[in-house]
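Trainee: Next comes final.txt, compact mmCIF, C-alpha atoms (C1' of nucleotides):
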# COMPACT_ATOMS: atom_id res chain seq x y z
CA MET A 1195 0.00 0.00 0.00
CA ASN A 1196 2.67 2.49 0.95
CA GLN A 1197 4.23 3.24 -2.38
CA LEU A 1198 6.71 5.73 -1.04
CA LYS A 1199 8.14 3.20 1.39
CA GLU A 1200 8.48 0.63 -1.36
CA ALA A 1201 10.14 3.15 -3.63
CA LEU A 1202 12.66 4.10 -0.95
CA GLU A 1203 13.33 0.43 -0.42
CA THR A 1204 14.06 0.08 -4.13
CA LEU A 1205 16.52 2.94 -3.93
CA LYS A 1206 18.31 1.35 -1.00
CA GLU A 1207 18.53 -1.98 -2.80
CA THR A 1208 20.01 -0.39 -5.88
CA GLY A 1209 22.45 1.63 -3.84
CA VAL A 1210 21.01 5.05 -4.59
CA ARG A 1211 21.47 7.46 -1.75
CA ILE A 1212 18.27 8.88 -0.33
CA THR A 1213 18.71 12.61 -0.04
CA PRO A 1214 16.03 14.99 1.21
CA GLN A 1215 15.56 16.27 -2.33
CA ARG A 1216 15.10 12.77 -3.71
CA HIS A 1217 12.67 11.96 -0.98
CA ALA A 1218 10.65 15.04 -1.73
CA ILE A 1219 10.61 14.52 -5.48
CA LEU A 1220 9.48 10.93 -5.12
CA GLU A 1221 6.83 11.90 -2.61
CA TYR A 1222 5.51 14.59 -4.89
CA LEU A 1223 5.42 12.23 -7.87
CA ILE A 1224 3.48 9.64 -5.94
CA ASN A 1225 0.99 12.01 -4.38
CA SER A 1226 0.41 14.15 -7.41
CA MET A 1227 -2.28 12.45 -9.37
CA SER A 1228 -1.21 14.37 -12.45
CA HIS A 1229 1.85 13.72 -14.59
CA PRO A 1230 4.08 16.65 -13.74
CA THR A 1231 6.86 18.16 -15.79
CA ALA A 1232 10.30 18.68 -14.28
CA ASP A 1233 9.54 22.35 -13.92
CA GLU A 1234 6.27 21.72 -12.12
CA ILE A 1235 8.08 19.54 -9.61
CA TYR A 1236 10.75 22.18 -9.23
CA LYS A 1237 8.19 24.89 -8.53
CA ALA A 1238 6.17 22.70 -6.20
CA LEU A 1239 9.20 22.05 -4.00
CA GLU A 1240 10.48 25.60 -4.06
CA GLY A 1241 8.93 26.26 -0.67
CA LYS A 1242 10.64 23.33 1.03
CA PHE A 1243 13.94 23.70 -0.82
CA PRO A 1244 14.52 27.31 -1.72
CA ASN A 1245 18.02 26.54 -2.97
CA MET A 1246 17.28 23.48 -5.02
CA SER A 1247 18.49 23.64 -8.59
CA VAL A 1248 16.47 22.59 -11.63
CA ALA A 1249 19.37 20.37 -12.54
CA THR A 1250 18.79 18.42 -9.36
CA VAL A 1251 15.25 17.69 -10.42
CA TYR A 1252 16.40 16.53 -13.83
CA ASN A 1253 19.27 14.51 -12.43
CA ASN A 1254 17.10 12.69 -9.97
CA LEU A 1255 14.31 12.05 -12.39
CA ARG A 1256 16.91 10.42 -14.59
CA VAL A 1257 18.14 8.35 -11.65
CA PHE A 1258 14.59 7.26 -10.89
CA ARG A 1259 14.05 6.38 -14.52
CA GLU A 1260 17.20 4.29 -14.60
CA VAL A 1261 16.10 2.40 -11.53
CA GLY A 1262 12.70 1.85 -13.10
CA LEU A 1263 10.68 3.82 -10.58
CA VAL A 1264 9.59 6.48 -13.00
CA LYS A 1265 8.55 6.65 -16.64
CA GLU A 1266 9.34 9.59 -18.84
CA LEU A 1267 6.78 10.62 -21.42
CA THR A 1268 8.33 12.71 -24.16
CA TYR A 1269 6.52 15.09 -26.47
CA GLY A 1270 8.94 16.61 -28.92
CA ASP A 1271 9.62 20.20 -28.16
CA ALA A 1272 7.31 20.38 -25.16
CA SER A 1273 8.36 19.32 -21.68
CA SER A 1274 8.57 15.69 -20.76
CA ARG A 1275 6.11 14.48 -18.18
CA PHE A 1276 7.02 12.04 -15.46
CA ASP A 1277 4.90 9.23 -14.18
CA PHE A 1278 5.51 7.14 -11.11
CA VAL A 1279 5.38 3.54 -12.27
CA THR A 1280 2.62 1.57 -10.62
CA SER A 1281 0.72 -1.10 -12.44
CA HIS A 1282 0.79 -1.45 -16.20
CA HIS A 1283 -1.27 1.26 -17.80
CA TYR A 1284 -1.38 3.50 -20.83
CA HIS A 1285 -2.26 7.14 -21.31
CA VAL A 1286 -5.06 8.87 -23.13
CA ILE A 1287 -4.02 12.40 -24.04
CA CYS A 1288 -6.22 15.35 -24.95
CA GLN A 1289 -4.85 17.12 -27.99
CA ASP A 1290 -6.66 20.33 -27.09
CA CYS A 1291 -5.79 20.90 -23.44
CA GLY A 1292 -3.02 18.36 -22.88
CA LYS A 1293 -4.79 16.52 -20.08
CA ILE A 1294 -3.49 12.99 -19.48
CA VAL A 1295 -5.75 10.25 -18.22
CA ASP A 1296 -4.62 6.80 -17.16
CA PHE A 1297 -6.03 3.91 -19.09
CA HIS A 1298 -5.68 0.41 -17.74
CA TYR A 1299 -5.31 -2.27 -20.33
CA PRO A 1300 -3.51 -5.59 -20.47
CA GLY A 1301 -0.07 -5.23 -22.01
CA LEU A 1302 0.20 -5.78 -25.74
CA ASP A 1303 2.35 -8.87 -25.39
CA GLU A 1304 1.03 -10.29 -28.63
CA VAL A 1305 2.27 -7.29 -30.56
CA GLU A 1306 5.68 -7.58 -28.97
CA GLN A 1307 5.88 -11.23 -29.84
CA LEU A 1308 4.95 -10.65 -33.45
CA ALA A 1309 7.43 -7.82 -33.73
CA THR A 1310 10.14 -10.09 -32.33
CA HIS A 1311 9.31 -12.71 -34.88
CA VAL A 1312 9.06 -10.41 -37.87
CA THR A 1313 11.98 -8.08 -37.23
CA GLY A 1314 14.40 -10.26 -35.31
CA PHE A 1315 14.67 -7.60 -32.64
CA LYS A 1316 15.16 -8.55 -29.02
CA VAL A 1317 12.08 -6.65 -27.90
CA SER A 1318 12.14 -5.23 -24.40
CA ASN A 1319 9.11 -2.97 -24.15
CA HIS A 1320 6.67 -0.80 -26.01
CA ARG A 1321 4.95 2.50 -25.78
CA MET A 1322 1.38 3.27 -26.64
CA GLU A 1323 -0.61 6.43 -26.32
CA ILE A 1324 -4.09 7.31 -27.38
CA TYR A 1325 -4.91 10.78 -28.62
CA GLY A 1326 -8.20 12.57 -28.82
CA SER A 1327 -10.34 15.25 -27.27
CA CYS A 1328 -11.42 15.06 -23.65
CA PRO A 1329 -15.11 15.42 -22.76
CA GLU A 1330 -14.65 19.02 -21.60
CA CYS A 1331 -12.88 20.12 -24.76
CA THR A 1332 -15.31 18.21 -26.93
CA ALA A 1333 -18.18 20.03 -25.25
CA LYS A 1334 -16.54 23.39 -25.81
CA GLU A 1335 -15.99 22.55 -29.43
CA GLU A 1336 -19.62 21.61 -29.92
CA LYS A 1337 -20.77 24.85 -28.30
CA LYS A 1338 -18.69 26.74 -30.83
CA GLU A 1339 -20.25 24.79 -33.68
CA VAL A 1340 -23.74 25.79 -32.58
CA GLN A 1341 -22.85 29.47 -32.47
CA HIS A 1342 -21.79 29.47 -36.10
CA MET B 786 2.33 3.06 -57.40
CA ASN B 787 3.74 6.52 -57.85
CA GLN B 788 3.54 7.91 -54.37
CA LEU B 789 5.09 11.23 -55.23
CA LYS B 790 2.47 11.92 -57.88
CA GLU B 791 -0.30 11.06 -55.46
CA ALA B 792 1.21 13.27 -52.80
CA LEU B 793 1.46 16.20 -55.18
CA GLU B 794 -2.14 15.59 -56.15
CA THR B 795 -3.10 15.79 -52.49
CA LEU B 796 -1.32 19.09 -52.18
CA LYS B 797 -3.15 20.48 -55.19
CA GLU B 798 -6.47 19.38 -53.80
CA THR B 799 -5.83 21.02 -50.46
CA GLY B 800 -4.61 24.19 -52.11
CA VAL B 801 -1.01 23.96 -51.00
CA ARG B 802 1.36 25.51 -53.47
CA ILE B 803 3.95 23.15 -54.91
CA THR B 804 7.29 24.89 -54.68
CA PRO B 805 10.59 23.35 -55.78
CA GLN B 806 11.59 23.01 -52.14
CA ARG B 807 8.38 21.23 -51.22
CA HIS B 808 8.74 18.95 -54.18
CA ALA B 809 12.28 18.06 -53.18
CA ILE B 810 11.43 17.49 -49.51
CA LEU B 811 8.55 15.22 -50.40
CA GLU B 812 10.63 13.33 -52.91
CA TYR B 813 13.38 12.84 -50.38
CA LEU B 814 10.95 11.64 -47.74
CA ILE B 815 9.41 9.12 -50.09
CA ASN B 816 12.65 7.78 -51.51
CA SER B 817 14.58 7.70 -48.28
CA MET B 818 13.79 4.40 -46.70
CA SER B 819 14.87 5.77 -43.36
CA HIS B 820 12.95 8.17 -41.15
CA PRO B 821 14.93 11.35 -41.46
CA THR B 822 15.15 14.27 -39.07
CA ALA B 823 14.53 17.79 -40.30
CA ASP B 824 18.24 18.40 -40.23
CA GLU B 825 19.01 15.32 -42.28
CA ILE B 826 16.60 16.49 -44.93
CA TYR B 827 18.12 19.94 -44.83
CA LYS B 828 21.62 18.56 -45.32
CA ALA B 829 20.55 16.14 -48.03
CA LEU B 830 19.07 18.94 -50.10
CA GLU B 831 21.90 21.38 -49.53
CA GLY B 832 23.40 20.49 -52.89
CA LYS B 833 20.24 21.23 -54.84
CA PHE B 834 19.21 24.25 -52.79
CA PRO B 835 22.28 25.97 -51.39
CA ASN B 836 20.20 28.85 -50.06
CA MET B 837 17.42 26.88 -48.46
CA SER B 838 16.77 27.70 -44.83
CA VAL B 839 16.22 25.18 -42.06
CA ALA B 840 13.03 27.03 -41.29
CA THR B 841 11.75 26.09 -44.73
CA VAL B 842 12.23 22.44 -43.95
CA TYR B 843 10.41 22.76 -40.65
CA ASN B 844 7.64 24.88 -42.14
CA ASN B 845 6.97 22.46 -44.93
CA LEU B 846 7.14 19.39 -42.76
CA ARG B 847 4.47 21.05 -40.66
CA VAL B 848 2.40 21.75 -43.75
CA PHE B 849 2.73 18.13 -44.84
CA ARG B 850 1.76 16.97 -41.40
CA GLU B 851 -1.34 19.18 -41.39
CA VAL B 852 -2.39 17.79 -44.75
CA GLY B 853 -1.81 14.27 -43.46
CA LEU B 854 0.99 13.33 -45.81
CA VAL B 855 3.59 13.01 -43.13
CA LYS B 856 3.78 11.74 -39.59
CA GLU B 857 5.99 13.30 -36.99
CA LEU B 858 7.62 11.04 -34.41
CA THR B 859 8.77 12.98 -31.38
CA TYR B 860 11.42 11.90 -28.92
CA GLY B 861 11.75 14.46 -26.20
CA ASP B 862 14.92 16.41 -26.48
CA ALA B 863 16.16 14.54 -29.51
CA SER B 864 15.12 15.48 -33.03
CA SER B 865 11.75 14.53 -34.35
CA ARG B 866 11.75 12.06 -37.21
CA PHE B 867 9.43 12.33 -40.16
CA ASP B 868 7.73 9.49 -41.91
CA PHE B 869 5.86 9.63 -45.19
CA VAL B 870 2.46 8.13 -44.50
CA THR B 871 1.78 5.07 -46.58
CA SER B 872 -0.23 2.22 -45.23
CA HIS B 873 -0.89 1.79 -41.55
CA HIS B 874 2.24 0.60 -39.81
CA TYR B 875 4.13 0.91 -36.57
CA HIS B 876 7.80 1.26 -35.74
CA VAL B 877 10.25 -0.99 -33.99
CA ILE B 878 13.12 1.06 -32.59
CA CYS B 879 16.56 -0.11 -31.56
CA GLN B 880 17.52 1.41 -28.24
CA ASP B 881 21.21 0.88 -28.92
CA CYS B 882 21.74 2.30 -32.41
CA GLY B 883 18.47 4.12 -33.00
CA LYS B 884 17.54 2.16 -36.11
CA ILE B 885 13.83 2.28 -36.97
CA VAL B 886 12.15 -0.60 -38.73
CA ASP B 887 8.61 -0.57 -40.09
CA PHE B 888 6.25 -3.09 -38.62
CA HIS B 889 2.96 -3.79 -40.32
CA TYR B 890 0.14 -4.63 -38.00
CA PRO B 891 -3.61 -4.08 -38.09
CA GLY B 892 -4.59 -0.90 -36.28
CA LEU B 893 -5.47 -1.23 -32.63
CA ASP B 894 -9.08 -0.21 -33.14
CA GLU B 895 -10.19 -2.29 -30.19
CA VAL B 896 -7.96 -0.34 -27.84
CA GLU B 897 -9.26 2.95 -29.18
CA GLN B 898 -12.83 1.82 -28.71
CA LEU B 899 -12.25 0.74 -25.16
CA ALA B 900 -10.48 4.00 -24.38
CA THR B 901 -13.41 5.92 -25.81
CA HIS B 902 -15.78 3.98 -23.65
CA VAL B 903 -13.77 4.19 -20.45
CA THR B 904 -12.56 7.77 -20.58
CA GLY B 905 -15.29 9.54 -22.55
CA PHE B 906 -12.66 10.95 -24.88
CA LYS B 907 -13.40 11.48 -28.54
CA VAL B 908 -10.47 9.36 -29.65
CA SER B 909 -8.90 10.28 -32.95
CA ASN B 910 -5.73 8.23 -33.19
CA HIS B 911 -3.00 6.48 -31.29
CA ARG B 912 0.69 5.97 -31.30
CA MET B 913 2.55 2.78 -30.62
CA GLU B 914 6.20 1.98 -30.74
CA ILE B 915 8.14 -1.10 -29.87
CA TYR B 916 11.57 -0.85 -28.32
CA GLY B 917 14.36 -3.34 -28.19
CA SER B 918 17.70 -4.27 -29.61
CA CYS B 919 18.15 -4.95 -33.32
CA PRO B 920 19.83 -8.19 -34.45
CA GLU B 921 23.12 -6.44 -35.18
CA CYS B 922 23.33 -4.77 -31.80
CA THR B 923 22.21 -7.93 -30.05
CA ALA B 924 25.01 -9.83 -31.77
CA LYS B 925 27.56 -7.23 -30.72
CA GLU B 926 26.32 -7.41 -27.17
CA GLU B 927 26.64 -11.18 -27.09
CA LYS B 928 30.16 -11.00 -28.45
CA LYS B 929 31.05 -8.71 -25.56
CA GLU B 930 29.58 -11.13 -23.06
CA VAL B 931 31.81 -13.92 -24.30
CA GLN B 932 34.94 -11.85 -23.98
CA HIS B 933 34.36 -11.27 -20.30
C1' DT C 1398 39.10 10.94 15.05
C1' DT C 1399 41.01 12.42 10.86
C1' DA C 1400 41.85 11.65 6.04
C1' DT C 1401 40.24 10.04 1.85
C1' DT C 1402 37.05 9.03 -1.38
C1' DA C 1403 32.78 8.96 -3.83
C1' DC C 1404 28.30 11.10 -4.43
C1' DT C 1405 25.16 14.96 -4.58
C1' DT C 1406 23.74 19.44 -5.04
C1' DT C 1407 24.10 23.97 -6.64
C1' DA C 1408 24.80 27.71 -9.86
C1' DT C 1409 25.66 28.81 -14.20
C1' DA C 1410 26.88 28.32 -18.89
C1' DA C 1411 26.30 25.87 -23.03
C1' DT C 1412 23.74 23.15 -26.24
C1' DT C 1413 20.16 21.97 -29.24
C1' DG C 1414 15.82 21.51 -31.61
C1' DT C 1415 12.40 24.41 -32.97
C1' DT C 1416 9.74 28.66 -33.77
C1' DA C 1417 9.02 33.75 -34.47
C1' DT C 1418 10.11 37.80 -37.02
C1' DA C 1419 11.00 40.79 -40.64
C1' DA C 1420 12.59 41.42 -45.21
C1' DT C 1421 12.65 39.62 -49.76
C1' DT C 1422 11.04 36.92 -53.49
C1' DA C 1423 7.69 34.45 -56.18
C1' DG C 1424 3.18 33.41 -57.59
C1' DT C 1425 -1.88 34.60 -58.25
C1' DT C 1426 -5.73 37.45 -59.12
C1' DT C 1427 -7.81 41.49 -60.63
C1' DA D 338 0.72 45.80 -64.81
C1' DA D 339 -0.89 46.49 -59.89
C1' DA D 340 -2.30 44.64 -55.74
C1' DC D 341 -2.45 40.92 -52.94
C1' DT D 342 -1.17 36.58 -50.92
C1' DA D 343 1.95 32.95 -49.90
C1' DA D 344 6.63 31.08 -49.45
C1' DT D 345 11.38 31.49 -48.57
C1' DT D 346 15.33 33.23 -46.39
C1' DA D 347 18.31 34.83 -42.70
C1' DT D 348 18.54 35.67 -38.28
C1' DA D 349 17.24 36.09 -33.65
C1' DA D 350 14.77 34.23 -29.87
C1' DC D 351 13.13 30.56 -26.98
C1' DA D 352 12.69 26.81 -24.04
C1' DA D 353 13.95 22.28 -22.42
C1' DT D 354 17.68 19.88 -21.12
C1' DT D 355 22.54 18.81 -20.14
C1' DA D 356 27.46 19.77 -19.04
C1' DT D 357 30.66 21.82 -16.03
C1' DA D 358 32.95 23.22 -12.09
C1' DA D 359 32.77 24.37 -7.33
C1' DA D 360 31.08 23.44 -2.83
C1' DG D 361 28.77 20.47 0.35
C1' DT D 362 27.64 16.02 2.42
C1' DA D 363 27.89 11.44 3.56
C1' DA D 364 30.50 6.81 3.66
C1' DT D 365 34.69 4.48 4.34
C1' DA D 366 39.45 3.59 5.62
C1' DA D 367 43.41 4.46 8.19
As structure tokens, how would this structure be written, given the file I've shared?
Mentor:
Amino acid sequence: MNQLKEALETLKETGVRITPQRHAILEYLINSMSHPTADEIYKALEGKFPNMSVATVYNNLRVFREVGLVKELTYGDASSRFDFVTSHHYHVICQDCGKIVDFHYPGLDEVEQLATHVTGFKVSNHRMEIYGSCPECTAKEEKKEVQH
Amino acid sequence: MNQLKEALETLKETGVRITPQRHAILEYLINSMSHPTADEIYKALEGKFPNMSVATVYNNLRVFREVGLVKELTYGDASSRFDFVTSHHYHVICQDCGKIVDFHYPGLDEVEQLATHVTGFKVSNHRMEIYGSCPECTAKEEKKEVQH
DNA sequence: TTATTACTTTATAATTGTTATAATTAGTTT
DNA sequence: AAACTAATTATAACAATTATAAAGTAATAA
């Protein structure tokens, strides 16, 4: 149940030192139900750590990613978003407002297997995202249509 | 058969002017069996168009994307790669050398439908990529193992 | 304890992919 | 041809991220 405790345990096991900053970043990632950017994390912890550098946030997010605690979701020019890894899930992303909603679905093992077979790759993982318009944005769009 | 001709036809239909630069970029995208970055395209066409600006490449790739001729694959900080849209296919990406291989697979309509149902989003499309190690890199890796 | 070493954070500079801007050129429409 | 619109160029700006060097902190060894 206590994800933070488990995460800290993982850090210990992998020999990653648990600094106050790391603790805080992890805690924030777990509690935040959103998928924050590095900058959002940085700003959120400004109160607690007035001297913390942005680089620290980036460094530690990378550390967490390498240990497998955190997933990085990249979007070209825009900021990456970071997601504390819990169970296997995908993301549904609103193309209008950028909102990200978790979407639980069994892993696409079949696809991985076929890809292995067809390409000869040693497949390790995959990424899937679903794009569309969230209910709120869809509603707004329809309102506009009516006014025309 | 002639993809370039079809693409130019699409441009005409959508009222996008066919400039020499656009023609060349499209041609390069279609003939290149790789998935070039904007910069690669820029460099490849330097000979033909010594005065062409990088901005032109970016602008036109955006135009092509908006018309649906081209797909943009974003990777966080790293350069986007651009893929001329042919039939529906996915990509298998080597995490060691970055090679991208096309992978034909029926669209994941089922997943989109479920996402629509569960999240209330108006789903328009999805993105899937498979990551792993290509045969060449796997071989290299195994060679290393033996030497240890 | 003290000395040594390795890790971490901080502050800042540098890098890089991409976009915005303004001026120029080319194409279209009247 | 004149007026208008779109496209290209050259350059500057921007924003996300990373590299670097200095300073701080913790772990280990003597």
Trainee: When you look at A:Cys1288 with a cut-off of 12 Å (counting all atoms listed in the file), what residues show up, excluding the ones that are within fewer than 3 positions of it in the same chain? I need them as a ChimeraX atom specification.
Mentor: /A:1285,1291-1296,1323-1332 /B:901,904-911
Trainee: Store the residues picked out above, limited to C-alpha atoms, as an mmCIF file, keeping the file's coordinate frame.
Mentor:
data_model
loop_
_atom_site.group_PDB
_atom_site.id
_atom_site.type_symbol
_atom_site.label_atom_id
_atom_site.label_comp_id
_atom_site.auth_asym_id
_atom_site.auth_seq_id
_atom_site.Cartn_x
_atom_site.Cartn_y
_atom_site.Cartn_z
ATOM 1 C CA HIS A 1285 -2.260 7.140 -21.310
ATOM 2 C CA CYS A 1291 -5.790 20.900 -23.440
ATOM 3 C CA GLY A 1292 -3.020 18.360 -22.880
ATOM 4 C CA LYS A 1293 -4.790 16.520 -20.080
ATOM 5 C CA ILE A 1294 -3.490 12.990 -19.480
ATOM 6 C CA VAL A 1295 -5.750 10.250 -18.220
ATOM 7 C CA ASP A 1296 -4.620 6.800 -17.160
ATOM 8 C CA GLU A 1323 -0.610 6.430 -26.320
ATOM 9 C CA ILE A 1324 -4.090 7.310 -27.380
ATOM 10 C CA TYR A 1325 -4.910 10.780 -28.620
ATOM 11 C CA GLY A 1326 -8.200 12.570 -28.820
ATOM 12 C CA SER A 1327 -10.340 15.250 -27.270
ATOM 13 C CA CYS A 1328 -11.420 15.060 -23.650
ATOM 14 C CA PRO A 1329 -15.110 15.420 -22.760
ATOM 15 C CA GLU A 1330 -14.650 19.020 -21.600
ATOM 16 C CA CYS A 1331 -12.880 20.120 -24.760
ATOM 17 C CA THR A 1332 -15.310 18.210 -26.930
ATOM 18 C CA THR B 901 -13.410 5.920 -25.810
ATOM 19 C CA THR B 904 -12.560 7.770 -20.580
ATOM 20 C CA GLY B 905 -15.290 9.540 -22.550
ATOM 21 C CA PHE B 906 -12.660 10.950 -24.880
ATOM 22 C CA LYS B 907 -13.400 11.480 -28.540
ATOM 23 C CA VAL B 908 -10.470 9.360 -29.650
ATOM 24 C CA SER B 909 -8.900 10.280 -32.950
ATOM 25 C CA ASN B 910 -5.730 8.230 -33.190
ATOM 26 C CA HIS B 911 -3.000 6.480 -31.290
#
Trainee: Using all atoms listed in the file and a cut-off of 7 Å, which residues of chain A sit close to chain C? Please list them as a list in words.
Mentor: Ser1247, Thr1250 and Asp1271 of chain A
Trainee: With all atoms listed in the file considered, list every residue of chain B at most 12 Å from chain D, as a ChimeraX atom specification.
Mentor: /B:800-807,834-845,848,861-863
Trainee: What would chain B look like once superposed on chain A, with the fit done by least squares over all C-alpha atoms paired in order? Give it as a CSV table (one decimal) with C-alpha atoms, keeping the file's coordinate frame.
Mentor:
chain,number,residue,atom,x,y,z
B,786,MET,CA,-0.3,0.2,-0.1
B,787,ASN,CA,2.4,2.7,0.9
B,788,GLN,CA,4.0,3.3,-2.5
B,789,LEU,CA,6.5,5.8,-1.1
B,790,LYS,CA,7.9,3.3,1.4
B,791,GLU,CA,8.2,0.7,-1.3
B,792,ALA,CA,10.0,3.2,-3.6
B,793,LEU,CA,12.4,4.1,-0.9
B,794,GLU,CA,13.1,0.5,-0.3
B,795,THR,CA,13.9,0.0,-4.0
B,796,LEU,CA,16.3,2.9,-3.8
B,797,LYS,CA,18.1,1.3,-0.8
B,798,GLU,CA,18.3,-2.0,-2.6
B,799,THR,CA,19.9,-0.5,-5.6
B,800,GLY,CA,22.3,1.5,-3.6
B,801,VAL,CA,20.9,4.9,-4.4
B,802,ARG,CA,21.3,7.4,-1.6
B,803,ILE,CA,18.1,8.9,-0.2
B,804,THR,CA,18.6,12.6,0.0
B,805,PRO,CA,15.9,15.0,1.2
B,806,GLN,CA,15.5,16.3,-2.3
B,807,ARG,CA,15.0,12.8,-3.7
B,808,HIS,CA,12.5,12.0,-1.0
B,809,ALA,CA,10.5,15.1,-1.8
B,810,ILE,CA,10.6,14.5,-5.6
B,811,LEU,CA,9.4,11.0,-5.2
B,812,GLU,CA,6.7,12.0,-2.7
B,813,TYR,CA,5.5,14.7,-5.1
B,814,LEU,CA,5.4,12.3,-8.0
B,815,ILE,CA,3.4,9.7,-6.1
B,816,ASN,CA,0.9,12.1,-4.6
B,817,SER,CA,0.4,14.3,-7.6
B,818,MET,CA,-2.3,12.6,-9.6
B,819,SER,CA,-1.1,14.4,-12.7
B,820,HIS,CA,2.0,13.7,-14.8
B,821,PRO,CA,4.2,16.6,-13.9
B,822,THR,CA,7.1,18.1,-16.0
B,823,ALA,CA,10.5,18.6,-14.4
B,824,ASP,CA,9.8,22.2,-14.1
B,825,GLU,CA,6.5,21.7,-12.4
B,826,ILE,CA,8.2,19.5,-9.8
B,827,TYR,CA,10.9,22.1,-9.4
B,828,LYS,CA,8.3,24.9,-8.8
B,829,ALA,CA,6.2,22.7,-6.4
B,830,LEU,CA,9.2,22.1,-4.2
B,831,GLU,CA,10.6,25.6,-4.3
B,832,GLY,CA,8.9,26.3,-0.9
B,833,LYS,CA,10.6,23.4,0.8
B,834,PHE,CA,13.9,23.7,-0.9
B,835,PRO,CA,14.6,27.3,-1.9
B,836,ASN,CA,18.1,26.5,-3.1
B,837,MET,CA,17.3,23.4,-5.1
B,838,SER,CA,18.6,23.5,-8.7
B,839,VAL,CA,16.7,22.5,-11.7
B,840,ALA,CA,19.6,20.2,-12.5
B,841,THR,CA,18.9,18.3,-9.3
B,842,VAL,CA,15.3,17.6,-10.5
B,843,TYR,CA,16.5,16.4,-13.9
B,844,ASN,CA,19.4,14.3,-12.4
B,845,ASN,CA,17.1,12.6,-9.9
B,846,LEU,CA,14.4,11.9,-12.4
B,847,ARG,CA,17.0,10.2,-14.5
B,848,VAL,CA,18.2,8.2,-11.5
B,849,PHE,CA,14.6,7.2,-10.8
B,850,ARG,CA,14.1,6.2,-14.4
B,851,GLU,CA,17.2,4.1,-14.5
B,852,VAL,CA,16.1,2.3,-11.4
B,853,GLY,CA,12.7,1.8,-13.0
B,854,LEU,CA,10.6,3.8,-10.5
B,855,VAL,CA,9.6,6.4,-13.0
B,856,LYS,CA,8.6,6.6,-16.7
B,857,GLU,CA,9.5,9.4,-18.9
B,858,LEU,CA,7.0,10.5,-21.5
B,859,THR,CA,8.7,12.6,-24.2
B,860,TYR,CA,6.9,15.0,-26.6
B,861,GLY,CA,9.4,16.4,-29.0
B,862,ASP,CA,10.1,20.0,-28.2
B,863,ALA,CA,7.7,20.2,-25.3
B,864,SER,CA,8.7,19.2,-21.8
B,865,SER,CA,8.8,15.5,-20.9
B,866,ARG,CA,6.3,14.4,-18.3
B,867,PHE,CA,7.2,12.0,-15.6
B,868,ASP,CA,5.0,9.2,-14.3
B,869,PHE,CA,5.5,7.1,-11.2
B,870,VAL,CA,5.4,3.5,-12.3
B,871,THR,CA,2.6,1.6,-10.6
B,872,SER,CA,0.7,-1.1,-12.4
B,873,HIS,CA,0.8,-1.4,-16.2
B,874,HIS,CA,-1.2,1.3,-17.8
B,875,TYR,CA,-1.4,3.5,-20.8
B,876,HIS,CA,-2.3,7.2,-21.3
B,877,VAL,CA,-5.1,8.9,-23.1
B,878,ILE,CA,-4.1,12.4,-24.0
B,879,CYS,CA,-6.3,15.4,-24.9
B,880,GLN,CA,-5.0,17.2,-27.9
B,881,ASP,CA,-6.8,20.3,-27.0
B,882,CYS,CA,-5.9,20.9,-23.3
B,883,GLY,CA,-3.1,18.4,-22.8
B,884,LYS,CA,-4.9,16.5,-20.0
B,885,ILE,CA,-3.5,13.0,-19.5
B,886,VAL,CA,-5.7,10.3,-18.2
B,887,ASP,CA,-4.6,6.8,-17.1
B,888,PHE,CA,-6.0,3.9,-19.0
B,889,HIS,CA,-5.6,0.4,-17.7
B,890,TYR,CA,-5.3,-2.2,-20.3
B,891,PRO,CA,-3.4,-5.6,-20.5
B,892,GLY,CA,0.0,-5.2,-22.0
B,893,LEU,CA,0.3,-5.7,-25.7
B,894,ASP,CA,2.5,-8.8,-25.4
B,895,GLU,CA,1.1,-10.2,-28.6
B,896,VAL,CA,2.3,-7.2,-30.6
B,897,GLU,CA,5.8,-7.4,-29.0
B,898,GLN,CA,6.0,-11.1,-29.9
B,899,LEU,CA,5.1,-10.5,-33.5
B,900,ALA,CA,7.5,-7.7,-33.7
B,901,THR,CA,10.3,-9.9,-32.3
B,902,HIS,CA,9.4,-12.5,-34.9
B,903,VAL,CA,9.2,-10.2,-37.9
B,904,THR,CA,12.1,-7.9,-37.2
B,905,GLY,CA,14.5,-10.0,-35.3
B,906,PHE,CA,14.8,-7.4,-32.6
B,907,LYS,CA,15.2,-8.3,-29.0
B,908,VAL,CA,12.1,-6.4,-27.9
B,909,SER,CA,12.2,-5.0,-24.4
B,910,ASN,CA,9.2,-2.8,-24.1
B,911,HIS,CA,6.7,-0.6,-26.0
B,912,ARG,CA,5.0,2.7,-25.7
B,913,MET,CA,1.4,3.4,-26.6
B,914,GLU,CA,-0.7,6.5,-26.3
B,915,ILE,CA,-4.1,7.4,-27.3
B,916,TYR,CA,-5.0,10.8,-28.6
B,917,GLY,CA,-8.3,12.6,-28.7
B,918,SER,CA,-10.4,15.2,-27.2
B,919,CYS,CA,-11.5,15.0,-23.5
B,920,PRO,CA,-15.2,15.3,-22.6
B,921,GLU,CA,-14.8,18.9,-21.5
B,922,CYS,CA,-13.0,20.1,-24.6
B,923,THR,CA,-15.5,18.1,-26.8
B,924,ALA,CA,-18.3,19.9,-25.1
B,925,LYS,CA,-16.7,23.3,-25.6
B,926,GLU,CA,-16.2,22.5,-29.2
B,927,GLU,CA,-19.8,21.5,-29.7
B,928,LYS,CA,-21.0,24.7,-28.1
B,929,LYS,CA,-18.9,26.6,-30.6
B,930,GLU,CA,-20.5,24.7,-33.5
B,931,VAL,CA,-24.0,25.7,-32.4
B,932,GLN,CA,-23.1,29.4,-32.2
B,933,HIS,CA,-22.1,29.5,-35.8
Trainee: Provide the atom CA of A:Ala1201 to atom CA of A:Phe1276 distance in Å, to one decimal place.
Mentor: 15.1 Å
